[in-house]
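Structure below is entry-v8.txt: compact mmCIF, C-alpha atoms.
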```
# COMPACT_ATOMS: atom_id res chain seq x y z
CA MET A 115 128.74 148.65 292.89
CA ILE A 116 125.38 146.97 293.57
CA ASN A 117 123.18 148.66 296.12
CA THR A 118 121.86 146.05 298.58
CA ILE A 119 118.40 147.36 299.37
CA MET A 120 117.27 144.97 302.08
CA GLU A 121 118.70 142.20 304.17
CA GLY A 122 117.60 138.64 303.49
CA LYS A 123 117.27 136.43 300.43
CA THR A 124 117.60 138.38 297.19
CA THR A 125 114.65 137.92 294.84
CA ILE A 126 115.46 140.53 292.16
CA SER A 127 119.00 141.49 291.22
CA PHE A 128 120.17 143.93 288.54
CA ALA A 129 123.88 144.30 287.81
CA ASN A 130 124.91 147.09 285.42
CA VAL A 131 121.72 146.69 283.40
CA SER A 132 121.00 148.94 280.42
CA ALA A 133 117.98 148.74 278.14
CA ASN A 134 116.84 150.33 274.90
CA TYR A 135 114.37 149.78 272.08
CA ASP A 136 115.48 149.20 268.48
CA ASN A 137 119.10 150.01 269.37
CA SER A 138 118.23 153.63 270.08
CA HIS A 139 119.44 155.59 273.12
CA ASP A 140 119.23 153.84 276.49
CA VAL A 141 115.97 154.13 278.40
CA LEU A 142 117.78 152.72 281.44
CA SER A 143 121.54 152.85 281.85
CA ASP A 144 123.92 150.95 284.17
CA VAL A 145 121.24 150.09 286.75
CA SER A 146 122.29 147.96 289.74
CA PHE A 147 120.31 146.91 292.82
CA ASN A 148 119.15 143.97 294.92
CA ILE A 149 115.62 143.57 296.30
CA SER A 150 114.82 140.90 298.86
CA GLY A 151 111.70 138.77 299.12
CA GLY A 152 108.78 140.32 300.97
CA ALA A 153 109.68 143.93 300.14
CA PHE A 154 107.09 146.52 299.10
CA TYR A 155 108.22 149.43 296.90
CA PHE A 156 106.55 152.26 295.10
CA LEU A 157 108.02 153.01 291.67
CA THR A 158 107.87 156.63 290.54
CA GLY A 159 109.25 158.90 287.83
CA ALA A 160 108.11 161.15 285.02
CA SER A 161 106.14 159.73 282.11
CA GLY A 162 108.58 158.08 279.74
CA ALA A 163 111.34 157.88 282.35
CA GLY A 164 111.51 154.08 282.16
CA LYS A 165 109.19 152.76 284.88
CA THR A 166 107.36 150.39 282.55
CA THR A 167 110.65 149.30 281.00
CA LEU A 168 111.96 148.39 284.47
CA LEU A 169 108.87 146.30 285.16
CA ARG A 170 109.11 144.65 281.74
CA LEU A 171 112.74 143.76 282.41
CA ILE A 172 111.81 142.13 285.71
CA TYR A 173 108.94 140.19 284.13
CA GLN A 174 111.21 139.19 281.24
CA LEU A 175 109.07 140.84 278.59
CA HIS A 176 112.12 142.84 277.48
CA LYS A 177 115.77 141.86 277.35
CA PRO A 178 118.55 144.18 278.55
CA SER A 179 121.06 145.48 276.03
CA SER A 180 123.79 144.84 278.61
CA GLY A 181 124.19 143.72 282.20
CA THR A 182 122.77 140.83 284.20
CA ILE A 183 119.32 140.25 285.67
CA LYS A 184 118.85 137.51 288.24
CA LEU A 185 115.46 136.39 289.53
CA PHE A 186 115.30 134.01 292.48
CA GLY A 187 119.06 133.57 292.09
CA GLN A 188 118.88 132.51 288.44
CA ASP A 189 120.71 134.39 285.69
CA CYS A 190 117.94 135.06 283.18
CA SER A 191 120.36 135.31 280.26
CA GLU A 192 121.22 131.64 280.73
CA LEU A 193 117.62 130.39 280.71
CA SER A 194 115.75 128.88 277.77
CA ARG A 195 112.36 130.17 276.62
CA ASP A 196 110.63 127.33 278.49
CA GLU A 197 112.61 128.08 281.63
CA ILE A 198 111.66 131.76 281.39
CA SER A 199 107.99 130.74 281.07
CA LYS A 200 108.35 128.60 284.17
CA LEU A 201 110.00 131.49 286.00
CA ARG A 202 107.09 133.79 285.08
CA GLN A 203 104.75 131.40 286.86
CA LYS A 204 106.22 132.76 290.11
CA MET A 205 105.32 136.31 289.09
CA ALA A 206 102.22 138.31 288.21
CA ILE A 207 101.76 141.69 286.56
CA VAL A 208 98.78 144.06 286.81
CA PHE A 209 98.36 146.67 284.09
CA GLN A 210 96.54 150.00 284.24
CA GLU A 211 94.39 148.97 281.27
CA TYR A 212 93.17 145.78 283.07
CA SER A 213 94.03 143.39 280.17
CA LEU A 214 90.96 141.25 280.76
CA ILE A 215 89.55 138.95 278.08
CA SER A 216 86.22 140.51 277.13
CA HIS A 217 84.49 137.33 275.88
CA MET A 218 85.24 135.45 279.10
CA THR A 219 83.31 135.86 282.35
CA VAL A 220 84.90 137.29 285.48
CA PHE A 221 85.21 133.74 286.84
CA ASP A 222 86.96 132.48 283.71
CA ASN A 223 89.33 135.46 283.59
CA VAL A 224 90.45 134.80 287.16
CA ALA A 225 90.59 131.04 286.62
CA LEU A 226 92.73 131.28 283.48
CA PRO A 227 96.21 131.15 285.10
CA LEU A 228 95.16 128.12 287.15
CA ARG A 229 93.87 126.31 284.07
CA VAL A 230 97.14 127.03 282.28
CA ARG A 231 98.89 125.31 285.20
CA GLY A 232 96.62 122.27 284.98
CA VAL A 233 94.91 122.77 288.34
CA SER A 234 91.83 120.56 288.84
CA GLY A 235 88.36 121.94 288.20
CA ASP A 236 87.18 121.44 291.79
CA LYS A 237 90.17 123.30 293.18
CA ILE A 238 89.77 126.10 290.62
CA LYS A 239 86.13 126.60 291.62
CA LYS A 240 87.01 126.82 295.30
CA LEU A 241 89.99 129.15 294.85
CA VAL A 242 88.32 131.50 292.37
CA THR A 243 85.20 131.76 294.55
CA LYS A 244 87.28 132.58 297.64
CA THR A 245 89.42 135.12 295.80
CA LEU A 246 86.45 136.92 294.22
CA GLU A 247 84.83 137.12 297.65
CA TRP A 248 88.01 138.64 299.04
CA VAL A 249 88.16 141.40 296.41
CA GLY A 250 84.46 142.11 296.90
CA LEU A 251 83.26 140.67 293.59
CA GLY A 252 81.72 137.37 294.65
CA LYS A 253 78.36 138.13 293.05
CA TYR A 254 79.94 139.10 289.70
CA ALA A 255 81.45 135.72 288.83
CA ASN A 256 79.24 135.20 285.78
CA VAL A 257 79.38 138.79 284.54
CA TYR A 258 81.52 139.89 281.58
CA PRO A 259 84.27 142.51 282.07
CA LEU A 260 82.62 145.21 279.95
CA GLU A 261 79.58 145.10 282.24
CA LEU A 262 81.74 146.23 285.17
CA SER A 263 83.00 149.63 286.25
CA GLY A 264 86.66 150.52 285.87
CA GLY A 265 87.34 149.92 289.56
CA GLN A 266 85.64 146.52 289.41
CA GLN A 267 87.60 145.51 286.32
CA GLN A 268 90.84 146.44 288.04
CA ARG A 269 89.89 144.29 291.03
CA VAL A 270 89.30 141.38 288.63
CA SER A 271 92.81 141.85 287.24
CA VAL A 272 94.17 141.89 290.80
CA ALA A 273 92.22 138.72 291.63
CA ARG A 274 93.71 137.04 288.56
CA ALA A 275 97.17 138.08 289.73
CA ILE A 276 96.88 136.91 293.33
CA ILE A 277 95.15 133.60 292.48
CA ILE A 278 98.57 132.08 291.74
CA GLN A 279 100.09 133.43 294.97
CA PRO A 280 103.02 134.99 293.10
CA SER A 281 106.37 135.56 294.76
CA ILE A 282 106.67 138.84 292.84
CA LEU A 283 103.79 141.16 291.96
CA LEU A 284 104.41 144.02 289.53
CA ALA A 285 101.72 146.68 289.16
CA ASP A 286 102.03 149.30 286.40
CA GLU A 287 99.94 152.36 287.38
CA PRO A 288 97.08 150.15 288.61
CA THR A 289 95.31 153.09 290.28
CA GLY A 290 95.79 155.55 287.41
CA ASN A 291 92.18 155.37 286.20
CA LEU A 292 90.58 155.04 289.63
CA ASP A 293 89.07 157.50 292.09
CA ASP A 294 90.59 157.86 295.56
CA GLU A 295 88.25 155.34 297.18
CA ASN A 296 88.98 152.58 294.67
CA ALA A 297 92.69 153.43 294.65
CA SER A 298 92.78 153.04 298.44
CA ARG A 299 90.90 149.77 298.26
CA LEU A 300 93.39 148.38 295.75
CA MET A 301 96.24 149.45 298.01
CA GLU A 302 94.68 147.53 300.88
CA LEU A 303 94.55 144.43 298.65
CA PHE A 304 98.22 144.74 297.73
CA ILE A 305 99.26 145.38 301.34
CA GLN A 306 97.41 142.32 302.65
CA MET A 307 98.92 140.22 299.87
CA ASN A 308 102.37 141.42 300.86
CA LYS A 309 101.70 140.70 304.55
CA MET A 310 100.03 137.31 304.22
CA PHE A 311 101.93 135.79 301.31
CA GLY A 312 105.25 137.60 301.72
CA THR A 313 104.91 138.69 298.10
CA THR A 314 107.47 141.18 296.82
CA VAL A 315 105.42 144.09 295.46
CA ILE A 316 106.63 146.84 293.12
CA LEU A 317 103.86 149.30 292.36
CA ALA A 318 104.33 152.08 289.82
CA THR A 319 102.31 155.21 290.54
CA HIS A 320 102.09 158.97 289.97
CA ASN A 321 99.61 159.32 292.82
CA LYS A 322 101.25 161.60 295.41
CA LYS A 323 98.46 160.94 297.88
CA LEU A 324 99.28 157.22 297.89
CA LEU A 325 102.97 157.97 298.39
CA GLU A 326 102.18 160.24 301.32
CA THR A 327 99.61 157.93 302.91
CA TYR A 328 101.46 154.63 302.67
CA LYS A 329 105.03 155.02 303.88
CA PHE A 330 106.74 152.41 301.75
CA PRO A 331 110.23 152.95 300.31
CA ILE A 332 110.40 154.43 296.83
CA ILE A 333 112.28 153.59 293.64
CA THR A 334 112.62 156.69 291.48
CA VAL A 335 113.52 156.45 287.80
CA ASP A 336 115.19 159.61 286.52
CA ASN A 337 117.70 160.40 283.78
CA HIS A 338 118.04 156.72 282.81
CA HIS A 339 118.99 155.66 286.36
CA VAL A 340 117.20 154.51 289.50
CA ALA A 341 117.49 155.78 293.06
CA PHE A 342 116.07 154.37 296.30
CA SER A 343 114.66 156.37 299.19
CA GLY A 344 112.51 155.94 302.30
CA THR A 345 112.47 153.52 305.19
CA HIS A 346 112.45 149.76 304.70
CA GLU A 347 110.21 149.27 307.68
CA GLU A 348 106.54 149.57 306.81
CA LYS A 349 104.68 152.14 308.87
CA ASP A 350 101.29 150.53 309.21
CA ASN A 351 98.78 153.23 308.33
CA THR A 352 95.96 150.75 307.82
CA SER A 353 95.18 149.82 311.43
CA ASN A 354 92.70 152.64 312.01
CA ARG A 355 90.88 152.23 308.70
CA LYS A 356 87.60 150.37 308.40
CA TRP A 357 87.61 147.53 305.89
CA LYS A 358 84.23 147.32 304.09
CA GLY A 359 84.62 143.84 302.65
CA PRO A 360 85.48 140.42 304.15
CA GLN A 361 88.13 140.55 306.83
CA PRO A 362 91.22 140.32 304.63
CA GLN A 363 93.52 138.39 306.95
CA THR A 364 90.85 135.76 307.64
CA VAL A 365 90.12 135.23 303.97
CA PHE A 366 93.79 135.36 303.06
CA SER A 367 94.58 132.69 305.64
CA GLU A 368 91.96 130.42 304.11
CA ILE A 369 93.20 131.07 300.58
CA SER A 370 96.82 130.64 301.63
CA LYS A 371 96.12 127.18 303.08
CA GLN A 372 94.45 126.10 299.87
CA PHE A 373 97.32 127.52 297.79
CA GLU A 374 99.91 125.36 299.51
CA ASP A 375 99.62 122.45 297.06
CA ILE A 376 98.80 124.38 293.86
CA GLY A 377 102.33 123.81 292.63
CA LYS A 378 101.86 120.07 293.07
CA ALA A 379 98.54 119.95 291.20
```
So, in terms of C-alpha cells, how does the structure I just supplied come out?
Amino acid sequence: MINTIMEGKTTISFANVSANYDNSHDVLSDVSFNISGGAFYFLTGASGAGKTTLLRLIYQLHKPSSGTIKLFGQDCSELSRDEISKLRQKMAIVFQEYSLISHMTVFDNVALPLRVRGVSGDKIKKLVTKTLEWVGLGKYANVYPLELSGGQQQRVSVARAIIIQPSILLADEPTGNLDDENASRLMELFIQMNKMFGTTVILATHNKKLLETYKFPIITVDNHHVAFSGTHEEKDNTSNRKWKGPQPQTVFSEISKQFEDIGKA
C-alpha cells in the first residue's frame, strides 16, 4: 500500500521500488510513497543505508531493479533517454563535493545549465548576476572555484541549481563539510527557494542540529526501507533570525519574474 505523504498534486511517486548494484543484495526494498509538490523533507539514515541511492533513483541516475517510479505523473520506465533528459531539466541536484568545473569561472559554472537550454546571452547575464547576488557571491563572478572557500563553493553549486528554478531540488549532504554558520545560511537559501518557487526539496543530512532547528518532516532510510515522521506543516523558525545578505524574498521575487519565460527561450 502506498503511503500518501501530503495532499495535493503528486510530484514523486514510488510503488514497490527495490534497487541494487550489480545484482547484489537490495539497498532499498519494496519502497512505496507519494510526495506532493512544494514539500520540504529532510532525509536521514546511517551511512550506507541508501540515502544517496534514493536520491539517484529520483534523479534517474539509477534504475530500480523492480517497482515503478513516477515523476510529475510520468512512469519513468516508459520514457526514452531523451525524455528522461528533458524530465531532468525540471530537477536539480546539489552534491556534498560541490561538483563545480574548476577551469570555468563562478559565472560560467552557474550559467552552464542555462546555456545548455539555449537561453540568450543577455538573459543569462541578468539571471546569473541576480542569483549570485542572492547567494552573497556577486563580487566573485570572475573567480575560479578553487580560489573560494568550501562554503563559497557550496553556495555556487546551490546558485547553479536554483538558476533553472527546478520543480524538485535534491541535496545530498550539502552541509556535511560546512561549519554551523555556513550550514545555516545554506538552509535559509533552500527554505526561501521552497517558499518562493514552491520547489519540492529533499535534503539529506546527518546534522542533528539542523533537524532540531528546522522542524520539517523527515524521511528515514533504515534496513532497506523508508519511514516518514514529523509534521507536514512547516514551523517557521526563521522569522527571528537576521539575514546578512540581500533580502531573500525581494531578490527571489525579482528572479522569479525573470524565470517565467525561461522555458520559452
* Asked: Which residues, written as a list in words, have at least one atom at most 7 Å from A:Ser127, with only C-alpha atoms counted and residues fewer than 2 positions away on the same chain left out?
  ->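 Everything that qualifies: Thr124, Thr125, Ala129, Phe147, Asn148, Ile149, Ile183, Lys184 and Leu185 of chain A.
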Using only C-alpha atoms and a cutoff of 12 Å, can you tell me which residues are near (120.8, 160.3, 286.8) in the file's coordinates, and write them out as a short mmCIF file (atom, residue, chain, number, x, y, z; two decimals) with C-alpha atoms, in the frame of the given file?
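Result saved to out_30.cif:
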```cif
data_model
loop_
_atom_site.label_atom_id
_atom_site.label_comp_id
_atom_site.auth_asym_id
_atom_site.auth_seq_id
_atom_site.Cartn_x
_atom_site.Cartn_y
_atom_site.Cartn_z
CA VAL A 141 115.97 154.13 278.40
CA LEU A 142 117.78 152.72 281.44
CA SER A 143 121.54 152.85 281.85
CA ASP A 144 123.92 150.95 284.17
CA VAL A 145 121.24 150.09 286.75
CA GLY A 159 109.25 158.90 287.83
CA ALA A 163 111.34 157.88 282.35
CA THR A 334 112.62 156.69 291.48
CA VAL A 335 113.52 156.45 287.80
CA ASP A 336 115.19 159.61 286.52
CA ASN A 337 117.70 160.40 283.78
CA HIS A 338 118.04 156.72 282.81
CA HIS A 339 118.99 155.66 286.36
CA VAL A 340 117.20 154.51 289.50
CA ALA A 341 117.49 155.78 293.06
#
```
* Asked: For A:Val272, which of A:Ile215, A:Leu228, A:Ala206, A:Leu241 is the closest residue, counting all atoms listed in the file?
  ->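 For A:Val272, the nearest of the given residues is A:Ala206.
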* To do: Quick one: residues within 7 Å of (99.3, 154.1, 301.1) (file frame), counting all atoms listed in the file, please, as a list in words.
  => Met301, Leu324, Leu325, Glu326, Thr327, Tyr328 and Lys329 of chain A
* To do: Go ahead and compute the interatomic distance for atom CA of A:Pro259 and atom CA of A:Ala273, in Å to one decimal.
  =>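 Taking atom CA of A:Pro259 as the start and atom CA of A:Ala273 as the end point, the length is 13.0 Å.
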* So which residues touch A:Ile332 within 7 Å, counting only C-alpha atoms, skipping near sequence neighbours fewer than 2 positions away, as JSON, numbers by chain? -> {"A": [155, 156, 157, 330, 334, 342, 343, 344]}
* Hey, which of A:Lys323, A:Lys253, A:Lys204, A:His217 ends up closest to A:Arg231? Count only C-alpha atoms. -> A:Lys204
* Would you work out the distance separating atom CA of A:Ser281 from atom CA of A:Glu247, expressed in Å to one decimal? =>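 Atom CA of A:Ser281 sits 21.8 Å away from atom CA of A:Glu247.
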* Residue contacts of A:Leu214 (8 Å, only C-alpha atoms) excluding same-chain residues fewer than 5 positions away, as a VMD selection string -> chain A and resid 223 259 267 271
